[in-house]
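Text of run_27.pdb, listed as PDB, C-alpha atoms, pLDDT in the B column:
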ATOM      1  CA  MET A 405      17.062  11.171  -7.286  1.00 94.00           C
ATOM      2  CA  GLN A 406      16.473  11.185 -11.033  1.00 96.00           C
ATOM      3  CA  LEU A 407      12.856  10.772 -12.154  1.00 97.00           C
ATOM      4  CA  ASN A 408      11.536  10.148 -15.654  1.00 97.00           C
ATOM      5  CA  TRP A 409       8.567  12.509 -15.897  1.00 98.00           C
ATOM      6  CA  VAL A 410       6.053  11.289 -18.488  1.00 97.00           C
ATOM      7  CA  ARG A 411       5.113  13.370 -21.535  1.00 95.00           C
ATOM      8  CA  ARG A 412       3.115  12.576 -24.645  1.00 93.00           C
ATOM      9  CA  GLN A 413       4.931  11.160 -27.663  1.00 89.00           C
ATOM     10  CA  ASN A 414       5.148  14.650 -29.202  1.00 92.00           C
ATOM     11  CA  ARG A 415       6.841  15.868 -25.963  1.00 90.00           C
ATOM     12  CA  ASP A 416       3.804  17.939 -24.913  1.00 94.00           C
ATOM     13  CA  TRP A 417       2.457  17.572 -21.403  1.00 96.00           C
ATOM     14  CA  CYS A 418      -0.716  15.528 -20.912  1.00 96.00           C
ATOM     15  CA  ASP A 419      -4.062  17.270 -20.431  1.00 96.00           C
ATOM     16  CA  LEU A 420      -5.642  15.956 -17.215  1.00 97.00           C
ATOM     17  CA  PHE A 421      -9.177  16.013 -18.614  1.00 96.00           C
ATOM     18  CA  GLY A 422      -8.123  14.495 -21.951  1.00 94.00           C
ATOM     19  CA  LEU A 423      -6.318  11.576 -20.335  1.00 95.00           C
ATOM     20  CA  ASP A 424      -7.887   8.171 -21.073  1.00 96.00           C
ATOM     21  CA  LEU A 425      -7.281   6.350 -17.810  1.00 97.00           C
ATOM     22  CA  GLU A 426      -8.859   3.154 -19.156  1.00 96.00           C
ATOM     23  CA  GLN A 427      -5.805   2.501 -21.331  1.00 95.00           C
ATOM     24  CA  PRO A 428      -3.897  -0.673 -20.340  1.00 96.00           C
ATOM     25  CA  TYR A 429      -0.858   1.526 -19.660  1.00 94.00           C
ATOM     26  CA  PHE A 430      -2.462   2.652 -16.374  1.00 95.00           C
ATOM     27  CA  GLU A 431      -3.156  -0.880 -15.113  1.00 93.00           C
ATOM     28  CA  ASN A 432      -1.555  -1.156 -11.643  1.00 91.00           C
ATOM     29  CA  ARG A 433       0.794   1.769 -12.346  1.00 93.00           C
ATOM     30  CA  THR A 434       1.801   3.708  -9.244  1.00 94.00           C
ATOM     31  CA  GLY A 435       3.949   6.755  -8.730  1.00 96.00           C
ATOM     32  CA  VAL A 436       4.003  10.455  -7.962  1.00 97.00           C
ATOM     33  CA  TYR A 437       2.225  13.105 -10.011  1.00 97.00           C
ATOM     34  CA  VAL A 438       1.991  16.853 -10.451  1.00 98.00           C
ATOM     35  CA  ILE A 439      -1.047  18.733 -11.817  1.00 97.00           C
ATOM     36  CA  TRP A 440      -0.667  22.367 -12.909  1.00 97.00           C
ATOM     37  CA  TRP A 441      -1.650  25.079 -15.336  1.00 94.00           C
ATOM     38  CA  GLU A 442       0.672  27.441 -17.146  1.00 91.00           C
ATOM     39  CA  GLN A 443      -1.542  30.485 -17.777  1.00 84.00           C
ATOM     40  CA  PRO A 444      -1.364  33.238 -16.705  1.00 84.00           C
ATOM     41  CA  ALA A 445       1.593  31.912 -14.666  1.00 88.00           C
ATOM     42  CA  LEU A 446       2.714  28.410 -13.793  1.00 93.00           C
ATOM     43  CA  THR A 447       0.584  27.336 -10.820  1.00 95.00           C
ATOM     44  CA  VAL A 448       0.735  23.881  -9.253  1.00 97.00           C
ATOM     45  CA  ALA A 449      -2.725  22.695  -8.278  1.00 96.00           C
ATOM     46  CA  ARG A 450      -1.933  19.257  -6.830  1.00 96.00           C
ATOM     47  CA  VAL A 451       0.954  16.953  -5.944  1.00 96.00           C
ATOM     48  CA  GLY A 452       0.249  13.377  -4.956  1.00 95.00           C
ATOM     49  CA  GLN A 453       1.059   9.703  -5.078  1.00 95.00           C
ATOM     50  CA  GLY A 454      -0.688   6.407  -5.424  1.00 94.00           C
ATOM     51  CA  VAL A 455      -2.281   4.200  -8.039  1.00 96.00           C
ATOM     52  CA  LEU A 456      -2.329   6.617 -10.954  1.00 96.00           C
ATOM     53  CA  ARG A 457      -5.602   5.451 -12.494  1.00 97.00           C
ATOM     54  CA  ASP A 458      -7.476   5.925  -9.216  1.00 97.00           C
ATOM     55  CA  SER A 459      -5.743   9.116  -8.123  1.00 96.00           C
ATOM     56  CA  LEU A 460      -5.977  10.912 -11.468  1.00 97.00           C
ATOM     57  CA  ARG A 461      -9.583   9.810 -11.978  1.00 97.00           C
ATOM     58  CA  ALA A 462     -10.445  11.342  -8.604  1.00 97.00           C
ATOM     59  CA  HIS A 463      -8.800  14.594  -9.729  1.00 96.00           C
ATOM     60  CA  GLN A 464     -10.712  14.518 -13.027  1.00 97.00           C
ATOM     61  CA  ARG A 465     -13.920  14.386 -10.946  1.00 96.00           C
ATOM     62  CA  ASP A 466     -12.782  17.055  -8.465  1.00 95.00           C
ATOM     63  CA  ALA A 467     -15.202  19.996  -8.653  1.00 94.00           C
ATOM     64  CA  CYS A 468     -12.470  22.518  -7.800  1.00 92.00           C
ATOM     65  CA  LEU A 469     -10.327  21.322 -10.679  1.00 94.00           C
ATOM     66  CA  GLN A 470     -13.301  21.105 -13.031  1.00 93.00           C
ATOM     67  CA  ARG A 471     -13.906  24.824 -12.432  1.00 91.00           C
ATOM     68  CA  GLU A 472     -10.398  25.421 -13.827  1.00 86.00           C
ATOM     69  CA  ALA A 473     -11.072  23.409 -17.000  1.00 83.00           C
ATOM     70  CA  HIS A 474     -11.382  26.614 -19.062  1.00 85.00           C
ATOM     71  CA  ARG A 475      -7.581  26.474 -19.255  1.00 88.00           C
ATOM     72  CA  PRO A 476      -5.477  23.384 -19.871  1.00 90.00           C
ATOM     73  CA  LEU A 477      -4.778  21.490 -16.660  1.00 95.00           C
ATOM     74  CA  LEU A 478      -1.576  19.611 -17.312  1.00 97.00           C
ATOM     75  CA  VAL A 479      -0.333  16.483 -15.593  1.00 98.00           C
ATOM     76  CA  THR A 480       2.804  14.396 -15.457  1.00 98.00           C
ATOM     77  CA  TRP A 481       3.856  11.446 -13.354  1.00 98.00           C
ATOM     78  CA  ALA A 482       6.877   9.333 -12.595  1.00 98.00           C
ATOM     79  CA  TRP A 483       7.482   5.916 -11.099  1.00 96.00           C
ATOM     80  CA  VAL A 484       9.159   5.970  -7.696  1.00 95.00           C
ATOM     81  CA  PRO A 485      10.089   2.929  -5.576  1.00 93.00           C
ATOM     82  CA  GLY A 486       7.485   2.415  -2.853  1.00 91.00           C
ATOM     83  CA  ALA A 487       9.867   3.067   0.019  1.00 94.00           C
ATOM     84  CA  LYS A 488      10.714   6.497  -1.409  1.00 95.00           C
ATOM     85  CA  LEU A 489       7.223   7.713  -2.344  1.00 95.00           C
ATOM     86  CA  ASP A 490       6.557   9.650   0.872  1.00 95.00           C
ATOM     87  CA  GLY A 491       9.939  11.385   0.760  1.00 96.00           C
ATOM     88  CA  VAL A 492       9.539  12.396  -2.884  1.00 97.00           C
ATOM     89  CA  VAL A 493       6.023  13.748  -2.286  1.00 96.00           C
ATOM     90  CA  ALA A 494       7.266  15.634   0.771  1.00 95.00           C
ATOM     91  CA  TYR A 495       9.969  17.295  -1.342  1.00 96.00           C
ATOM     92  CA  LEU A 496       7.615  18.100  -4.243  1.00 96.00           C
ATOM     93  CA  THR A 497       4.962  19.506  -1.930  1.00 95.00           C
ATOM     94  CA  ARG A 498       7.417  21.693  -0.013  1.00 94.00           C
ATOM     95  CA  THR A 499       9.112  22.880  -3.201  1.00 95.00           C
ATOM     96  CA  LEU A 500       6.108  23.386  -5.516  1.00 96.00           C
ATOM     97  CA  ARG A 501       3.594  24.549  -2.878  1.00 94.00           C
ATOM     98  CA  PRO A 502       0.424  23.244  -4.553  1.00 95.00           C
ATOM     99  CA  LEU A 503      -2.799  25.183  -4.053  1.00 92.00           C
ATOM    100  CA  ARG A 504      -4.238  22.172  -2.279  1.00 84.00           C
ATOM    101  CA  SER A 505      -2.383  19.218  -0.868  1.00 73.00           C
ATOM    102  CA  GLY A 506      -3.338  16.186   1.121  1.00 68.00           C
ATOM    103  CA  SER A 507      -1.641  15.207   4.303  1.00 65.00           C
ATOM    104  CA  ILE A 508       2.081  14.727   3.915  1.00 71.00           C
ATOM    105  CA  ALA A 509       3.592  11.712   5.599  1.00 70.00           C
ATOM    106  CA  PRO A 510       6.280  12.635   8.117  1.00 82.00           C
ATOM    107  CA  ALA A 511       9.077  11.591   5.795  1.00 91.00           C
ATOM    108  CA  ALA A 512      12.446  13.172   5.181  1.00 95.00           C
ATOM    109  CA  PRO A 513      12.233  14.978   1.817  1.00 95.00           C
ATOM    110  CA  ILE A 514      14.034  13.259  -1.045  1.00 97.00           C
ATOM    111  CA  THR A 515      15.309  15.756  -3.591  1.00 98.00           C
ATOM    112  CA  VAL A 516      14.264  15.067  -7.185  1.00 98.00           C
ATOM    113  CA  GLN A 517      14.433  17.082 -10.371  1.00 96.00           C
ATOM    114  CA  LEU A 518      11.244  18.958 -11.183  1.00 97.00           C
ATOM    115  CA  PRO A 519       9.312  18.213 -14.384  1.00 96.00           C
ATOM    116  CA  TRP A 520      10.174  21.577 -15.977  1.00 91.00           C
TER     117      TRP A 520
END

What is this file in structure tokens?
Amino acid sequence: MQLNWVRRQNRDWCDLFGLDLEQPYFENRTGVYVIWWEQPALTVARVGQGVLRDSLRAHQRDACLQREAHRPLLVTWAWVPGAKLDGVVAYLTRTLRPLRSGSIAPAAPITVQLPW
């Protein structure tokens, strides 16, 4: 499945803690997301799904992630049809092995291209 991973207009990745989630863009927007840092090596911190404004705001307030704010925590997201969300998250979680993940629905993984 082909996903359109979101980047900033200059093609850089978004900084989780610099993201203004009050922008109208985030109104009722759902999808899957990946949070990571690149230094010293690419490390995926979280993979998830849901209403992006709510989910990403919760991650901005997460004490574990706030302790990592000394380095850029990057984030991207993509829209996925509701019926395929669980399968896409299952694939991303199994492939990227985030440091911390929520419960994964018992869905058959749906292969997608990774953001990088």

Can you turn the PyMOL selection byres ((chain A and resi 515-518) around 10) into a concrete residue list for this file, as a count of residues only?
-> 19

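Applied to the shown file, the PyMOL selection byres ((chain A and resi 478) around 10) selects the residues Asp416, Trp417, Cys418, Asp419, Leu420, Phe421, Gly422, Leu423, Val438, Ile439, Trp440, Trp441, Glu442, Val448, Ala449, Arg475, Pro476, Leu477, Val479 and Thr480 of chain A.
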
Just C-alpha atoms for this one: save the residues we selected as a CSV table (one decimal), in the frame of the given file.
chain,number,residue,atom,x,y,z
A,416,ASP,CA,3.8,17.9,-24.9
A,417,TRP,CA,2.5,17.6,-21.4
A,418,CYS,CA,-0.7,15.5,-20.9
A,419,ASP,CA,-4.1,17.3,-20.4
A,420,LEU,CA,-5.6,16.0,-17.2
A,421,PHE,CA,-9.2,16.0,-18.6
A,422,GLY,CA,-8.1,14.5,-22.0
A,423,LEU,CA,-6.3,11.6,-20.3
A,438,VAL,CA,2.0,16.9,-10.5
A,439,ILE,CA,-1.0,18.7,-11.8
A,440,TRP,CA,-0.7,22.4,-12.9
A,441,TRP,CA,-1.6,25.1,-15.3
A,442,GLU,CA,0.7,27.4,-17.1
A,448,VAL,CA,0.7,23.9,-9.3
A,449,ALA,CA,-2.7,22.7,-8.3
A,475,ARG,CA,-7.6,26.5,-19.3
A,476,PRO,CA,-5.5,23.4,-19.9
A,477,LEU,CA,-4.8,21.5,-16.7
A,479,VAL,CA,-0.3,16.5,-15.6
A,480,THR,CA,2.8,14.4,-15.5

Just how far from atom CA of A:Gly486 is atom CA of A:Gly435, in Å to one decimal?
->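 Atom-to-atom, atom CA of A:Gly435 to atom CA of A:Gly486, that is 8.1 Å.
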
Check the smallest atom-to-atom distance from each of A:Ser459, A:Ala511, A:Pro502, A:Gln464 to A:Thr447 using all atoms listed in the file, then report the winner.
-> A:Pro502

Closest of A:Val436, A:Ala473, A:Val451, A:Leu425 to A:Arg498 - atom-to-atom distances counting only C-alpha atoms =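 Closest to A:Arg498 of all the choices is A:Val451.
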
A:Leu456 surroundings by all atoms listed in the file, 10 Å radius, close-in-sequence under 2 positions cut, as a ChimeraX atom specification | /A:425,430-437,452-454,458-462,481-483

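The space between atom CA of A:Arg465 and atom CA of A:Leu503 spans 17.0 Å.
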
By how many Å are atom CA of A:Ile508 and atom CA of A:Pro485 apart?
->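 So the answer is 17.1 Å.
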
Give me the box for stretch 492-495 of chain A as AutoDock Vina command-line options, namely the centre and edge lengths in Å to one decimal of a box along x, y and z that holds every listed atom plus 3 Å on each side.
--center_x 8.0 --center_y 14.8 --center_z -1.1 --size_x 9.9 --size_y 10.9 --size_z 9.7

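The shortest atom-to-atom distance to A:Thr497, with only C-alpha atoms taken into account, belongs to A:Arg450 out of A:Ala467, A:Val455, A:Pro510, A:Arg450.
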
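Nearest residue to A:Glu426 among A:Arg471, A:Arg501, A:Arg457, A:Lys488 is A:Arg457, counting only C-alpha atoms.
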